[in-house]
Number of protein chains: 2
Amino acid sequence: MADCIFCKIGKREIQSMVVHDDPEILAFRDINPQAPVHILIIPKKHYESANELETADTGLLGRMVLVAKHIARQEKIAARGYRLVMNCGEDGGQSVAHIHLHLLGGRSMSWPPG
Amino acid sequence: MADCIFCKIGKREIQSMVVHDDPEILAFRDINPQAPVHILIIPKKHYESANELETADTGLLGRMVLVAKHIARQEKIAARGYRLVMNCGEDGGQSVAHIHLHLLGGRSMSWPPG
């Protein structure tokens with residue numbers, strides 16, 4: 001997707017504060033953090049939202065969660081805990097039309113989740 | 001886990017408002033809903049939290065997200081959107097020590113997510 005900002009971040013064409021980079025997945029700090037640790041985990045391949053996911057994508061999705069878990073350990077928030085959030089569409093509050101998983105921690109997250 | 005309430009729900013030993021049941025995954029309505037649609041997706045196998053997940057679990061994790069996507073369609077919230085949330089540990093607000101993915105929709109979800 002030529003105009004997708006997260007595609008460009010995934011290709012390192014736009015700079016970001018990268019915390020993880022592998023052939024499939026990039027993770028970087030949210031520029032508008034909502035917690036002391038707030039990182040976005042994205043697939044480098046473009047998917048507009050969770051609604052686009054198919055059975056073939058289960059491995060990728062699972063790896064995104066595992067990357068989040070590994071980053072939580074790197075950031076030293078694994079023991080105290082963290083919240084993973086994926087927004088889909090307007091009601092979900094999705095702000096960029098490229099799937100991203102939020103990892104939030106470093107503070108006590110309240111309920112409800114938005 | 002003999003004393004885990006979600007293991008018991010997964011085995012249908014404790015009644016719940018089930019919306020999806022397959023050999024690996026059960027989904028049921030949250031008894032304390034935070035949105036018009038609020039469903040929990042759990043693996044039948046016991047995992048305490050996301051911190052316990054290993055590479056072998058990527059398929060299961062991905063399938064949990066796909067089940068959420070399918071339920072969103074069933075519940076007719078897919079087009080307007082929804083939020084997926086997984087809490088890990090105390091800071092994350094995890095209330096039951098058995099992995100569960102929250103699917104919330106039917107209203108506009110606000111930011112930050114807790």
# chains A, B, ... in the order shown; residues from 1 in each chain; ligands from 1
$ interface_residues --of "chain B" --to "chain A" --cutoff "6 Å" --atoms "only C-alpha atoms" --output "list in words"
Thr58, Gly59, Leu61, Gly62, Arg63, Arg80, Gly81, Tyr82, Arg83, Leu84, Val85, Met86, Asn87, Cys88, Gly89, Glu90, Asp91, Gly92, Ser108, Met109, Ser110, Trp111, Pro112, Pro113 and Gly114 of chain B
$ calpha_fit_and_write --fixed "chain A" --moving "chain B" --output "short mmCIF file (atom, residue, chain, number, x, y, z; two decimals) with C-alpha atoms, in the first residue's frame"
data_model
loop_
_atom_site.label_atom_id
_atom_site.label_comp_id
_atom_site.auth_asym_id
_atom_site.auth_seq_id
_atom_site.Cartn_x
_atom_site.Cartn_y
_atom_site.Cartn_z
CA MET B 1 -0.01 0.00 -0.03
CA ALA B 2 1.89 3.03 -1.33
CA ASP B 3 0.23 5.56 0.97
CA CYS B 4 0.11 3.57 4.21
CA ILE B 5 2.25 5.12 6.93
CA PHE B 6 2.70 1.78 8.73
CA CYS B 7 3.82 0.08 5.50
CA LYS B 8 6.46 2.82 5.22
CA ILE B 9 7.50 2.39 8.85
CA GLY B 10 7.68 -1.37 8.25
CA LYS B 11 10.05 -0.79 5.32
CA ARG B 12 12.08 1.66 7.45
CA GLU B 13 11.30 4.40 4.92
CA ILE B 14 9.87 6.45 7.78
CA GLN B 15 11.88 6.59 10.97
CA SER B 16 10.44 5.22 14.19
CA MET B 17 11.73 4.14 17.60
CA VAL B 18 12.16 0.49 16.67
CA VAL B 19 12.32 -2.09 19.47
CA HIS B 20 11.98 -5.27 17.36
CA ASP B 21 12.59 -6.04 13.68
CA ASP B 22 12.32 -9.46 12.02
CA PRO B 23 11.42 -10.47 8.45
CA GLU B 24 7.68 -10.41 9.14
CA ILE B 25 7.12 -8.07 12.10
CA LEU B 26 8.26 -4.63 13.23
CA ALA B 27 7.64 -3.11 16.66
CA PHE B 28 8.14 0.55 17.56
CA ARG B 29 7.17 3.05 20.25
CA ASP B 30 3.81 4.83 19.87
CA ILE B 31 4.43 8.54 19.21
CA ASN B 32 1.45 9.37 21.47
CA PRO B 33 2.05 6.99 24.38
CA GLN B 34 -0.80 6.23 26.79
CA ALA B 35 1.39 4.45 29.33
CA PRO B 36 5.09 4.49 30.32
CA VAL B 37 5.58 1.60 27.89
CA HIS B 38 3.44 1.83 24.74
CA ILE B 39 4.64 -0.11 21.73
CA LEU B 40 2.96 -0.99 18.44
CA ILE B 41 3.55 -4.40 16.86
CA ILE B 42 2.76 -4.52 13.14
CA PRO B 43 3.07 -7.07 10.35
CA LYS B 44 5.20 -5.73 7.49
CA LYS B 45 2.59 -7.03 5.07
CA HIS B 46 -0.45 -4.80 4.74
CA TYR B 47 -3.74 -5.91 6.30
CA GLU B 48 -6.33 -3.21 6.72
CA SER B 49 -7.90 -4.64 9.87
CA ALA B 50 -8.68 -7.83 11.76
CA ASN B 51 -11.69 -8.25 9.47
CA GLU B 52 -9.28 -9.09 6.62
CA LEU B 53 -7.60 -11.96 8.43
CA GLU B 54 -7.97 -15.49 7.12
CA THR B 55 -7.03 -18.93 8.39
CA ALA B 56 -3.65 -18.66 6.63
CA ASP B 57 -2.78 -15.72 8.88
CA THR B 58 -3.06 -17.51 12.22
CA GLY B 59 0.71 -18.07 12.46
CA LEU B 60 1.47 -14.41 11.85
CA LEU B 61 -1.13 -13.28 14.40
CA GLY B 62 0.23 -15.64 17.00
CA ARG B 63 3.76 -14.46 16.35
CA MET B 64 2.65 -10.85 16.85
CA VAL B 65 1.45 -11.78 20.34
CA LEU B 66 4.68 -13.69 21.06
CA VAL B 67 6.73 -10.66 19.94
CA ALA B 68 4.66 -8.56 22.38
CA LYS B 69 5.46 -11.03 25.14
CA HIS B 70 9.20 -10.90 24.36
CA ILE B 71 9.19 -7.09 24.25
CA ALA B 72 7.38 -7.00 27.62
CA ARG B 73 10.31 -8.92 29.05
CA GLN B 74 12.85 -6.64 27.34
CA GLU B 75 11.04 -3.60 28.75
CA LYS B 76 10.94 -5.22 32.20
CA ILE B 77 7.15 -5.06 32.51
CA ALA B 78 6.47 -8.81 32.12
CA ALA B 79 6.32 -9.55 35.85
CA ARG B 80 4.05 -6.63 36.81
CA GLY B 81 1.86 -7.15 33.77
CA TYR B 82 0.63 -5.41 30.63
CA ARG B 83 -2.35 -5.04 28.31
CA LEU B 84 -2.54 -6.02 24.64
CA VAL B 85 -5.10 -4.19 22.51
CA MET B 86 -6.12 -4.46 18.87
CA ASN B 87 -8.63 -1.96 17.53
CA CYS B 88 -10.71 -2.79 14.50
CA GLY B 89 -12.71 -0.18 12.60
CA GLU B 90 -14.38 2.98 13.78
CA ASP B 91 -16.10 1.70 16.94
CA GLY B 92 -12.85 0.01 17.95
CA GLY B 93 -10.94 3.27 17.63
CA GLN B 94 -8.60 2.09 14.89
CA SER B 95 -6.62 5.16 13.81
CA VAL B 96 -4.37 3.68 11.08
CA ALA B 97 -5.79 1.23 8.54
CA HIS B 98 -2.94 -1.26 8.92
CA ILE B 99 -3.29 -3.91 11.63
CA HIS B 100 -1.38 -3.09 14.81
CA LEU B 101 -1.25 -4.60 18.26
CA HIS B 102 -0.77 -2.18 21.17
CA LEU B 103 1.40 -3.27 24.11
CA LEU B 104 0.78 -1.04 27.14
CA GLY B 105 2.40 -1.29 30.54
CA GLY B 106 4.45 0.38 33.22
CA ARG B 107 1.30 1.51 35.02
CA SER B 108 -1.85 -0.14 36.34
CA MET B 109 -4.37 -0.33 33.48
CA SER B 110 -7.99 0.42 34.47
CA TRP B 111 -11.29 -1.20 33.48
CA PRO B 112 -13.20 -0.89 31.21
CA PRO B 113 -10.58 -0.79 28.46
CA GLY B 114 -11.95 2.39 26.88
#
$ select_by_dssp --residues "chain B" --states "strand (DSSP E)" --output "MDAnalysis selection string"
chainID B and resid 18:21 25:29 37:43 82:88 101:105
$ select_by_dssp --residues "chain A" --states "alpha helix (DSSP H)" --output "compact mmCIF listing (two decimals) with C-alpha atoms, in the first residue's frame"
# COMPACT_ATOMS: atom_id res chain seq x y z
CA ILE A 5 2.26 5.11 6.92
CA PHE A 6 2.70 1.78 8.73
CA CYS A 7 3.83 0.09 5.49
CA LYS A 8 6.46 2.82 5.21
CA ILE A 9 7.50 2.39 8.84
CA GLY A 10 7.68 -1.37 8.26
CA THR A 58 -3.06 -17.49 12.23
CA GLY A 59 0.70 -18.07 12.47
CA LEU A 60 1.47 -14.41 11.85
CA LEU A 61 -1.12 -13.27 14.41
CA GLY A 62 0.23 -15.64 17.01
CA ARG A 63 3.77 -14.46 16.34
CA MET A 64 2.67 -10.85 16.84
CA VAL A 65 1.46 -11.79 20.34
CA LEU A 66 4.70 -13.68 21.05
CA VAL A 67 6.74 -10.65 19.94
CA ALA A 68 4.67 -8.56 22.37
CA LYS A 69 5.47 -11.03 25.15
CA HIS A 70 9.20 -10.89 24.35
CA ILE A 71 9.19 -7.08 24.26
CA ALA A 72 7.37 -6.99 27.61
CA ARG A 73 10.30 -8.94 29.05
CA GLN A 74 12.85 -6.64 27.34
CA GLY A 89 -12.72 -0.19 12.60
CA GLU A 90 -14.40 2.98 13.80
CA ASP A 91 -16.10 1.70 16.96
CA GLY A 92 -12.86 0.02 17.96
$ decode --residues "region 40-71 of chain A" --atoms "C-alpha atoms" --output "PDB file, in the first residue's frame"
ATOM      1  CA  LEU A  40       2.961  -0.998  18.444  1.00  0.00           C
ATOM      2  CA  ILE A  41       3.551  -4.404  16.859  1.00  0.00           C
ATOM      3  CA  ILE A  42       2.769  -4.517  13.134  1.00  0.00           C
ATOM      4  CA  PRO A  43       3.076  -7.078  10.354  1.00  0.00           C
ATOM      5  CA  LYS A  44       5.192  -5.732   7.502  1.00  0.00           C
ATOM      6  CA  LYS A  45       2.587  -7.040   5.076  1.00  0.00           C
ATOM      7  CA  HIS A  46      -0.441  -4.794   4.754  1.00  0.00           C
ATOM      8  CA  TYR A  47      -3.725  -5.911   6.314  1.00  0.00           C
ATOM      9  CA  GLU A  48      -6.321  -3.214   6.720  1.00  0.00           C
ATOM     10  CA  SER A  49      -7.898  -4.644   9.872  1.00  0.00           C
ATOM     11  CA  ALA A  50      -8.682  -7.831  11.771  1.00  0.00           C
ATOM     12  CA  ASN A  51     -11.687  -8.245   9.465  1.00  0.00           C
ATOM     13  CA  GLU A  52      -9.279  -9.074   6.631  1.00  0.00           C
ATOM     14  CA  LEU A  53      -7.593 -11.950   8.431  1.00  0.00           C
ATOM     15  CA  GLU A  54      -7.961 -15.467   7.116  1.00  0.00           C
ATOM     16  CA  THR A  55      -7.032 -18.914   8.388  1.00  0.00           C
ATOM     17  CA  ALA A  56      -3.665 -18.658   6.626  1.00  0.00           C
ATOM     18  CA  ASP A  57      -2.786 -15.717   8.880  1.00  0.00           C
ATOM     19  CA  THR A  58      -3.059 -17.492  12.230  1.00  0.00           C
ATOM     20  CA  GLY A  59       0.703 -18.072  12.466  1.00  0.00           C
ATOM     21  CA  LEU A  60       1.467 -14.412  11.852  1.00  0.00           C
ATOM     22  CA  LEU A  61      -1.116 -13.267  14.406  1.00  0.00           C
ATOM     23  CA  GLY A  62       0.230 -15.645  17.007  1.00  0.00           C
ATOM     24  CA  ARG A  63       3.772 -14.457  16.340  1.00  0.00           C
ATOM     25  CA  MET A  64       2.668 -10.852  16.839  1.00  0.00           C
ATOM     26  CA  VAL A  65       1.461 -11.787  20.337  1.00  0.00           C
ATOM     27  CA  LEU A  66       4.697 -13.680  21.048  1.00  0.00           C
ATOM     28  CA  VAL A  67       6.737 -10.652  19.938  1.00  0.00           C
ATOM     29  CA  ALA A  68       4.666  -8.560  22.374  1.00  0.00           C
ATOM     30  CA  LYS A  69       5.473 -11.031  25.145  1.00  0.00           C
ATOM     31  CA  HIS A  70       9.202 -10.888  24.354  1.00  0.00           C
ATOM     32  CA  ILE A  71       9.191  -7.083  24.263  1.00  0.00           C
TER      33      ILE A  71
END
